[in-house]
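The file model.tsv comes next; it holds TSV, C-alpha atoms.
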```tsv
chain	number	residue	atom	x	y	z
W	82	MET	CA	129.73	145.90	63.51
W	83	LEU	CA	128.80	142.19	63.55
W	84	THR	CA	125.09	143.01	63.22
W	85	GLN	CA	125.86	145.29	60.24
W	86	ILE	CA	127.92	142.55	58.57
W	87	VAL	CA	125.14	140.01	59.08
W	88	ARG	CA	122.49	142.44	57.77
W	89	THR	CA	124.57	143.11	54.64
W	90	ALA	CA	125.10	139.37	54.14
W	91	ARG	CA	121.36	138.70	54.26
W	92	GLU	CA	120.62	141.62	51.90
W	93	LYS	CA	122.89	139.85	49.42
W	94	ASN	CA	121.19	136.46	50.10
W	95	ALA	CA	124.42	134.98	51.45
W	96	SER	CA	124.43	131.46	52.84
W	97	ASP	CA	127.71	131.86	54.76
W	98	VAL	CA	129.76	134.58	56.45
W	99	HIS	CA	133.54	134.22	57.05
W	100	LEU	CA	135.37	136.39	59.57
W	101	LYS	CA	139.01	136.36	60.67
W	102	VAL	CA	141.67	138.73	61.98
W	103	GLY	CA	143.56	140.63	59.26
W	104	ALA	CA	140.93	140.29	56.53
W	105	LYS	CA	137.74	141.99	55.44
W	106	PRO	CA	134.52	140.02	55.96
W	107	ARG	CA	133.67	137.58	53.18
W	108	ILE	CA	130.35	136.00	52.29
W	109	ARG	CA	129.27	133.12	50.08
W	110	ALA	CA	126.32	133.89	47.82
W	111	LYS	CA	125.18	131.49	45.08
W	112	LYS	CA	128.38	129.48	45.60
W	113	GLU	CA	130.59	132.56	44.93
W	114	LEU	CA	132.92	133.97	47.60
W	115	ILE	CA	132.55	137.77	47.82
W	116	THR	CA	134.55	140.32	49.85
W	117	LEU	CA	132.51	142.98	51.67
W	118	ASP	CA	134.69	145.96	50.76
W	119	SER	CA	132.48	148.43	52.61
W	120	PHE	CA	133.81	147.03	55.91
W	121	PRO	CA	137.32	147.49	57.35
W	122	VAL	CA	139.96	144.82	57.82
W	123	LEU	CA	138.99	143.06	61.06
W	124	SER	CA	141.22	143.37	64.12
W	125	ARG	CA	141.87	140.98	66.99
W	126	THR	CA	139.59	143.17	69.17
W	127	ASP	CA	136.79	142.99	66.56
W	128	LEU	CA	136.83	139.18	66.59
W	129	GLU	CA	136.96	139.03	70.38
W	130	ASP	CA	133.91	141.34	70.53
W	131	PHE	CA	132.07	139.23	67.94
W	132	VAL	CA	132.77	136.01	69.87
W	133	ASN	CA	131.72	137.56	73.19
W	134	TYR	CA	128.42	138.60	71.58
W	135	ILE	CA	127.73	135.12	70.16
W	136	LEU	CA	128.76	133.28	73.35
W	137	LYS	CA	127.08	135.66	75.83
W	138	GLY	CA	125.57	133.52	78.62
W	139	LYS	CA	127.10	130.31	77.20
W	140	GLU	CA	129.84	129.55	79.72
W	141	GLU	CA	130.19	125.87	78.74
W	142	LYS	CA	130.70	126.84	75.10
W	143	LYS	CA	133.36	129.42	76.11
W	144	GLN	CA	135.22	126.77	78.11
W	145	LYS	CA	135.00	124.31	75.23
W	146	LEU	CA	136.45	126.92	72.84
W	147	LEU	CA	139.38	127.55	75.18
W	148	LYS	CA	139.96	123.83	75.80
W	149	GLU	CA	139.47	122.41	72.29
W	150	GLY	CA	140.19	125.39	70.02
W	151	GLN	CA	136.79	125.31	68.34
W	152	VAL	CA	133.11	125.20	69.23
W	153	ASP	CA	129.74	124.98	67.46
W	154	THR	CA	126.80	127.08	68.60
W	155	SER	CA	123.85	129.09	67.29
W	156	ALA	CA	123.78	132.86	66.86
W	157	SER	CA	120.61	134.96	66.75
W	158	PHE	CA	120.31	138.47	65.39
W	159	PRO	CA	116.77	139.66	66.20
W	160	GLY	CA	114.85	140.86	63.18
W	161	ILE	CA	117.66	139.75	60.82
W	162	ALA	CA	118.51	136.05	60.94
W	163	ARG	CA	119.68	132.99	62.86
W	164	PHE	CA	122.99	131.29	62.08
W	165	ARG	CA	124.86	128.14	62.96
W	166	ALA	CA	128.24	129.39	64.17
W	167	ASN	CA	131.59	127.63	64.21
W	168	ILE	CA	134.11	129.61	66.25
W	169	TYR	CA	137.74	128.53	65.99
W	170	TYR	CA	141.35	129.57	66.49
W	171	GLN	CA	143.69	129.97	63.53
W	172	ARG	CA	147.23	131.33	63.76
W	173	SER	CA	146.50	132.01	67.46
W	174	THR	CA	143.62	134.37	66.66
W	175	LEU	CA	139.86	133.88	66.52
W	176	GLY	CA	137.85	133.13	63.41
W	177	ILE	CA	134.12	132.65	62.82
W	178	ALA	CA	132.12	130.82	60.15
W	179	LEU	CA	128.38	131.54	60.13
W	180	ARG	CA	125.83	129.44	58.19
W	181	TYR	CA	122.40	131.01	57.62
W	182	ILE	CA	119.35	129.21	59.06
W	183	PRO	CA	115.98	130.53	57.83
W	184	PHE	CA	113.41	131.40	60.50
W	185	GLU	CA	110.77	129.54	58.50
W	186	ILE	CA	111.22	125.84	57.77
W	187	PRO	CA	111.01	125.45	53.98
W	188	LYS	CA	108.08	123.45	52.65
W	189	PHE	CA	109.13	120.12	51.16
W	190	GLU	CA	107.63	121.12	47.79
W	191	SER	CA	109.94	124.15	47.59
W	192	LEU	CA	113.14	122.09	47.85
W	193	ASN	CA	112.95	120.37	44.42
W	194	LEU	CA	113.44	116.95	46.00
W	195	PRO	CA	112.06	113.74	44.44
W	196	PRO	CA	108.68	112.64	45.96
W	197	VAL	CA	110.19	109.32	47.12
W	198	VAL	CA	112.11	111.26	49.81
W	199	ARG	CA	108.85	112.45	51.39
W	200	LYS	CA	107.30	109.00	50.94
W	201	MET	CA	110.14	107.38	52.91
W	202	ALA	CA	109.57	109.69	55.86
W	203	LEU	CA	105.78	109.49	55.94
W	204	SER	CA	105.12	105.84	55.15
W	205	HIS	CA	107.16	104.30	57.99
W	206	THR	CA	106.74	104.31	61.76
W	207	SER	CA	110.07	102.65	62.53
W	208	GLY	CA	113.47	102.32	60.92
W	209	LEU	CA	116.49	104.45	60.03
W	210	ILE	CA	116.72	107.21	57.41
W	211	LEU	CA	120.14	108.77	56.77
W	212	VAL	CA	120.63	112.09	54.98
W	213	THR	CA	124.23	112.50	53.85
W	214	GLY	CA	126.45	114.87	51.93
W	215	PRO	CA	129.32	117.32	52.36
W	216	THR	CA	129.05	120.48	54.48
W	217	GLY	CA	126.68	122.96	52.87
W	218	SER	CA	124.75	120.40	50.83
W	219	GLY	CA	121.39	121.09	52.48
W	220	LYS	CA	121.20	118.09	54.82
W	221	SER	CA	119.77	120.10	57.73
W	222	THR	CA	117.14	121.72	55.52
W	223	THR	CA	116.03	118.38	54.07
W	224	LEU	CA	115.78	116.85	57.56
W	225	ALA	CA	113.88	119.86	58.96
W	226	SER	CA	111.35	119.80	56.11
W	227	LEU	CA	110.72	116.05	56.63
W	228	ILE	CA	110.30	116.45	60.41
W	229	ASN	CA	107.91	119.33	59.77
W	230	GLU	CA	105.88	117.20	57.34
W	231	ILE	CA	105.39	114.64	60.13
W	232	ASN	CA	104.60	117.48	62.55
W	233	GLU	CA	101.85	118.80	60.26
W	234	LEU	CA	100.27	115.43	59.52
W	235	TYR	CA	100.63	113.17	62.56
W	236	SER	CA	100.28	113.27	66.35
W	237	LYS	CA	103.74	112.07	67.39
W	238	VAL	CA	106.30	112.76	70.08
W	239	ILE	CA	109.39	113.98	68.23
W	240	VAL	CA	112.76	114.39	69.98
W	241	THR	CA	115.59	116.22	68.21
W	242	ILE	CA	119.20	116.16	69.47
W	243	GLU	CA	121.40	118.73	67.75
W	244	ASP	CA	124.74	120.54	68.06
W	245	PRO	CA	123.61	123.30	67.82
W	246	ILE	CA	119.82	123.50	67.37
W	247	GLU	CA	119.29	124.84	63.88
W	248	TYR	CA	115.66	125.12	62.80
W	249	LEU	CA	113.16	125.96	65.55
W	250	PHE	CA	110.02	123.82	65.31
W	251	LYS	CA	106.57	124.87	66.49
W	252	ASP	CA	104.21	122.17	67.73
W	253	LYS	CA	101.44	121.50	65.23
W	254	LYS	CA	99.91	118.03	65.50
W	255	SER	CA	103.08	116.70	67.12
W	256	PHE	CA	104.76	117.37	70.48
W	257	ILE	CA	108.38	118.36	69.78
W	258	ILE	CA	111.31	118.30	72.24
W	259	GLN	CA	114.51	119.99	70.99
W	260	ARG	CA	117.73	119.40	72.92
W	261	GLU	CA	121.07	121.07	72.23
W	262	VAL	CA	124.35	119.27	72.98
W	263	GLY	CA	126.45	121.43	75.30
W	264	GLU	CA	123.41	123.34	76.53
W	265	ASP	CA	120.66	120.85	77.43
W	266	THR	CA	122.73	117.65	77.43
W	267	ASN	CA	126.41	116.70	77.50
W	268	ASP	CA	126.63	114.53	74.39
W	269	PHE	CA	124.68	112.78	71.63
W	270	ALA	CA	124.94	109.28	73.11
W	271	GLY	CA	123.69	110.35	76.56
W	272	ALA	CA	120.84	112.33	74.99
W	273	MET	CA	119.90	109.32	72.84
W	274	LYS	CA	119.68	107.06	75.91
W	275	ALA	CA	117.52	109.67	77.64
W	276	ALA	CA	115.37	110.13	74.52
W	277	LEU	CA	114.30	106.50	74.70
W	278	ARG	CA	112.76	107.28	78.11
W	279	GLU	CA	110.86	110.30	76.74
W	280	ASP	CA	108.18	108.24	74.93
W	281	PRO	CA	109.40	109.18	71.44
W	282	ASP	CA	107.85	108.10	68.16
W	283	VAL	CA	110.44	109.96	66.09
W	284	ILE	CA	114.07	110.78	66.99
W	285	MET	CA	116.21	113.14	64.95
W	286	ILE	CA	119.97	113.10	65.66
W	287	GLY	CA	121.84	116.05	64.16
W	288	GLU	CA	124.81	113.85	63.28
W	289	ILE	CA	126.09	110.36	64.05
W	290	ARG	CA	129.65	111.00	65.19
W	291	ASP	CA	130.64	107.96	67.24
W	292	THR	CA	130.10	104.24	67.74
W	293	GLU	CA	127.86	104.58	70.77
W	294	THR	CA	125.46	107.00	69.06
W	295	ALA	CA	125.38	104.78	65.95
W	296	LYS	CA	124.60	101.72	68.08
W	297	ILE	CA	121.78	103.39	70.04
W	298	ALA	CA	120.32	104.85	66.82
W	299	LEU	CA	120.27	101.38	65.26
W	300	GLN	CA	118.72	99.80	68.36
W	301	ALA	CA	116.07	102.55	68.49
W	302	ALA	CA	115.23	101.97	64.82
W	303	GLU	CA	114.93	98.23	65.48
W	304	THR	CA	112.64	98.69	68.47
W	305	GLY	CA	109.84	100.66	66.86
W	306	HIS	CA	111.17	104.22	66.55
W	307	LEU	CA	111.58	106.26	63.37
W	308	VAL	CA	115.14	107.60	63.48
W	309	PHE	CA	116.61	110.31	61.25
W	310	SER	CA	120.25	111.37	61.18
W	311	THR	CA	123.08	112.66	59.00
W	312	LEU	CA	126.59	111.60	58.07
W	313	HIS	CA	129.29	113.58	56.26
W	314	THR	CA	129.61	111.06	53.44
W	315	ILE	CA	129.35	111.70	49.70
W	316	ASN	CA	127.29	108.74	48.46
W	317	THR	CA	125.30	105.71	49.59
W	318	LYS	CA	128.15	103.21	49.28
W	319	GLU	CA	130.51	105.33	51.40
W	320	THR	CA	127.69	105.93	53.92
W	321	ILE	CA	127.15	102.20	54.48
W	322	ASN	CA	130.90	101.56	54.73
W	323	ARG	CA	131.37	104.45	57.17
W	324	PHE	CA	128.44	103.40	59.37
W	325	ILE	CA	129.56	99.77	59.61
W	326	GLY	CA	133.20	100.86	59.94
W	327	MET	CA	132.38	102.76	63.15
W	328	PHE	CA	132.14	99.40	64.93
W	329	PRO	CA	134.91	96.96	65.96
W	330	LEU	CA	135.67	94.22	63.43
W	331	GLU	CA	134.15	91.49	65.59
W	332	ASN	CA	130.76	93.30	65.65
W	333	ARG	CA	130.49	94.28	61.99
W	334	GLU	CA	128.60	91.22	60.74
W	335	GLN	CA	125.96	91.72	63.41
W	336	ILE	CA	125.75	95.47	62.60
W	337	ARG	CA	125.45	94.67	58.88
W	338	LEU	CA	122.47	92.42	59.68
W	339	MET	CA	120.86	95.04	61.94
W	340	LEU	CA	121.33	97.72	59.28
W	341	ALA	CA	119.90	95.49	56.54
W	342	ASN	CA	116.79	94.93	58.68
W	343	SER	CA	116.21	98.47	59.95
W	344	LEU	CA	117.45	100.79	57.19
W	345	ILE	CA	114.61	102.55	55.34
W	346	GLY	CA	116.81	104.54	53.01
W	347	ILE	CA	119.76	106.84	52.37
W	348	ILE	CA	119.47	110.27	50.75
W	349	SER	CA	122.88	111.53	49.60
W	350	GLN	CA	122.74	115.06	48.27
W	351	ARG	CA	124.84	117.80	46.73
W	352	LEU	CA	123.95	121.29	45.54
W	353	VAL	CA	124.95	122.32	42.01
W	354	PRO	CA	124.54	125.67	40.19
W	355	ARG	CA	121.35	126.18	38.20
W	356	ARG	CA	121.58	126.85	34.48
W	357	ASP	CA	120.20	130.40	34.95
W	358	ARG	CA	122.72	130.94	37.81
W	359	LYS	CA	119.83	132.00	40.08
W	360	GLY	CA	120.88	129.79	42.94
W	361	VAL	CA	121.43	126.05	43.24
W	362	VAL	CA	119.50	122.81	42.75
W	363	PRO	CA	119.89	119.58	44.77
W	364	VAL	CA	121.22	116.45	43.07
W	365	LEU	CA	120.43	113.26	44.95
W	366	GLU	CA	121.56	109.67	45.08
W	367	ILE	CA	118.71	107.71	46.68
W	368	LEU	CA	118.79	104.24	48.19
W	369	VAL	CA	115.45	102.72	49.21
W	370	ASN	CA	115.80	99.44	51.07
W	371	ASN	CA	114.22	96.58	49.10
W	372	PRO	CA	114.94	92.83	48.77
W	373	LEU	CA	117.81	93.36	46.30
W	374	ILE	CA	119.41	96.14	48.38
W	375	LYS	CA	119.03	94.03	51.53
W	376	GLU	CA	120.90	91.18	49.83
W	377	ALA	CA	123.62	93.62	48.78
W	378	LEU	CA	123.97	94.89	52.35
W	379	LEU	CA	124.47	91.32	53.59
W	380	ASP	CA	126.70	90.06	50.76
W	381	PRO	CA	130.00	91.97	50.16
W	382	GLN	CA	130.16	90.64	46.57
W	383	LYS	CA	126.71	92.01	45.70
W	384	PHE	CA	127.48	95.22	47.61
W	385	GLN	CA	130.00	96.13	44.89
W	386	ASN	CA	127.07	96.31	42.42
W	387	ILE	CA	124.92	98.60	44.54
W	388	ASN	CA	125.06	101.50	42.05
W	389	GLU	CA	123.73	99.18	39.36
W	390	TYR	CA	120.82	98.20	41.66
W	391	LEU	CA	120.06	101.87	42.36
W	392	GLU	CA	119.94	102.60	38.63
W	393	LYS	CA	117.74	99.62	37.79
W	394	GLY	CA	115.35	100.25	40.71
W	395	HIS	CA	114.44	103.77	39.59
W	396	GLU	CA	111.06	102.97	38.04
W	397	VAL	CA	109.83	100.58	40.75
W	398	TYR	CA	111.39	101.93	43.97
W	399	GLY	CA	112.45	105.49	43.12
W	400	THR	CA	116.15	104.71	43.69
W	401	GLN	CA	118.71	106.60	41.60
W	402	THR	CA	122.40	107.37	41.22
W	403	PHE	CA	123.84	110.88	41.16
W	404	ASP	CA	124.52	110.60	37.46
W	405	GLN	CA	120.94	109.53	36.74
W	406	HIS	CA	119.64	112.61	38.53
W	407	LEU	CA	122.18	114.90	36.85
W	408	LEU	CA	121.03	113.62	33.46
W	409	GLU	CA	117.37	114.12	34.42
W	410	LEU	CA	118.02	117.72	35.54
W	411	TYR	CA	119.94	118.36	32.29
W	412	GLN	CA	117.01	117.03	30.24
W	413	LYS	CA	114.62	119.31	32.14
W	414	GLY	CA	116.86	122.32	31.44
W	415	TRP	CA	117.71	122.98	35.09
W	416	ILE	CA	121.48	122.57	34.67
W	417	ASP	CA	123.90	122.89	31.75
W	418	ALA	CA	126.25	120.31	30.22
W	419	LYS	CA	129.34	121.86	31.89
W	420	THR	CA	127.77	121.37	35.35
W	421	VAL	CA	126.79	117.78	34.53
W	422	LEU	CA	130.36	116.87	33.56
W	423	GLU	CA	131.88	118.77	36.50
W	424	TYR	CA	129.78	116.93	39.11
W	425	ALA	CA	129.33	113.51	37.43
W	426	GLU	CA	130.79	110.43	39.11
W	427	ASN	CA	131.38	108.85	35.66
W	428	PRO	CA	131.90	111.82	33.27
W	429	THR	CA	132.75	109.63	30.25
W	430	ASP	CA	129.58	107.55	30.52
W	431	ILE	CA	127.34	110.54	31.12
W	432	GLU	CA	128.89	112.45	28.18
W	433	LEU	CA	127.97	109.57	25.87
W	434	LYS	CA	124.41	109.61	27.22
W	435	MET	CA	124.15	113.39	26.70
W	436	ARG	CA	125.33	112.97	23.11
W	437	GLY	CA	122.64	110.35	22.62
W	438	LEU	CA	120.04	112.87	23.80
W	439	THR	CA	121.13	115.56	21.34
W	440	GLU	CA	121.61	113.33	18.30
```

Spell out the structure here as structure tokens.
Amino acid sequence: MLTQIVRTAREKNASDVHLKVGAKPRIRAKKELITLDSFPVLSRTDLEDFVNYILKGKEEKKQKLLKEGQVDTSASFPGIARFRANIYYQRSTLGIALRYIPFEIPKFESLNLPPVVRKMALSHTSGLILVTGPTGSGKSTTLASLINEINELYSKVIVTIEDPIEYLFKDKKSFIIQREVGEDTNDFAGAMKAALREDPDVIMIGEIRDTETAKIALQAAETGHLVFSTLHTINTKETINRFIGMFPLENREQIRLMLANSLIGIISQRLVPRRDRKGVVPVLEILVNNPLIKEALLDPQKFQNINEYLEKGHEVYGTQTFDQHLLELYQKGWIDAKTVLEYAENPTDIELKMRGLTE
């Protein structure tokens, strides 16, 4: 039945599939949650069968599920699709959340991202680039497209460390090593230490989750490696605070200095509904490190004005706030006024600006 559910989900262009005991399968398509009424209410046995299928041959993942109550892995359905799977317990029964991963890595041009994002990835050989946003905001897709751009253009050794592996890369000009936490390595920090002995030019870390991984990522960026990673943060200011806040108080000044020197940029993204309701469009806040941003990273007083610096640096550096990008997408006719106000960080200000455009 799981294969049939997944096939139906893909026929409806769903991004997510939700399964739990006592409910019919649900999918998310174009941000809407839809019940698949053609399927029965799922039983405890159904979910156990589904989990056994996904975790077949993955003994460590099974043990982790039993020990911790949840586990991340990948799930392949030949000829249909690949998914990132989160298996969990709720009310003492199993549940599954599946996130669709396309077989083909989307071309950068197809993602409707500002050109400065590509420029950041291709014009540096060392430093740190962070892609941030809530779950389901397209972070993995943005990262995969940037890694693939490097793969197509340059001869590099690229090491990816993921939990689980999402997009599968094929060597083009580059030599790509993909390691999955829980399968090929025990944890991110250990894999990062090993990666530095694998002659890497580029390192992609699926997510920075702990102090040790953050520290090694920063050191790698400082010592001539191009490092990409993600954080579950909603904007650039929160990203910087979260990153520095991972470290003990006595180390934070040193980390702030290291970050100011090695950070290339931060891409914070969200997906909002298109005006024609035919899918979603990314809205980005973009920080590109420059002398003013570097000062703000080092000086807590100036850091409070970082949004102002992003806004003012748009023409020269390509930096922008979320609200700037929302307004730009509104002007281009991609999104409607209701969406702008719903997602704006400063709805009152942006409403005044929209009025100015129509008057």

*Once you count all atoms listed in the file, which residues end up no further than 9 Å from (119.3, 115.2, 38.7) in the file's frame, shown as a count of residues only?*
19

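Counting all atoms listed in the file and comparing W:Val87, W:Val198, W:Ile387, W:Ala425, the residue that lies closest to Ile345 (chain W) is W:Val198.
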
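Considering the residues W:Glu233, W:Lys375, W:His313, W:Ile210 and counting all atoms listed in the file, Leu299 (chain W) has its shortest atom-to-atom contact with W:Ile210.
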
*Write out as JSON, numbers by chain each polymer residue whose atoms come within 6 Å of Arg165 (chain W), counting all atoms listed in the file; drop sequence neighbours fewer than 5 positions from it.*
{"W": [155, 179, 180]}

Each residue of region 268-357 of chain W with at least one atom at most 10 Å from region 397-400 of chain W should appear once, together with its nearest atom pair and the corresponding distance in Å (one decimal); atoms considered: only C-alpha atoms; ordering: chain, then increasing residue number; output as a tab-separated table.
```
residue	atom	partner	partner_atom	distance
W:Gly346	CA	W:Thr400	CA	9.3
W:Ile347	CA	W:Thr400	CA	9.6
W:Ile348	CA	W:Thr400	CA	9.6
```

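Straight-line separation from CA of Glu331 (chain W) to CA of Phe384 (chain W): 19.5 Å.
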
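Using all atoms listed in the file, the nearest neighbour of Leu344 (chain W) within the list W:Glu389, W:Glu129, W:Glu190, W:Glu303 is W:Glu303.
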
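Between CA of Lys93 (chain W) and CA of Leu123 (chain W) lies a distance of 20.1 Å.
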
*Suppose you want the space between CA of Glu243 (chain W) and CA of Val262 (chain W); what is it in Å?*
6.0 Å

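With all atoms listed in the file as the atoms that count, the minimum distance from Phe120 (chain W) to the choices W:Asn94, W:Thr304, W:Ser310, W:Thr89 is reached by W:Thr89.
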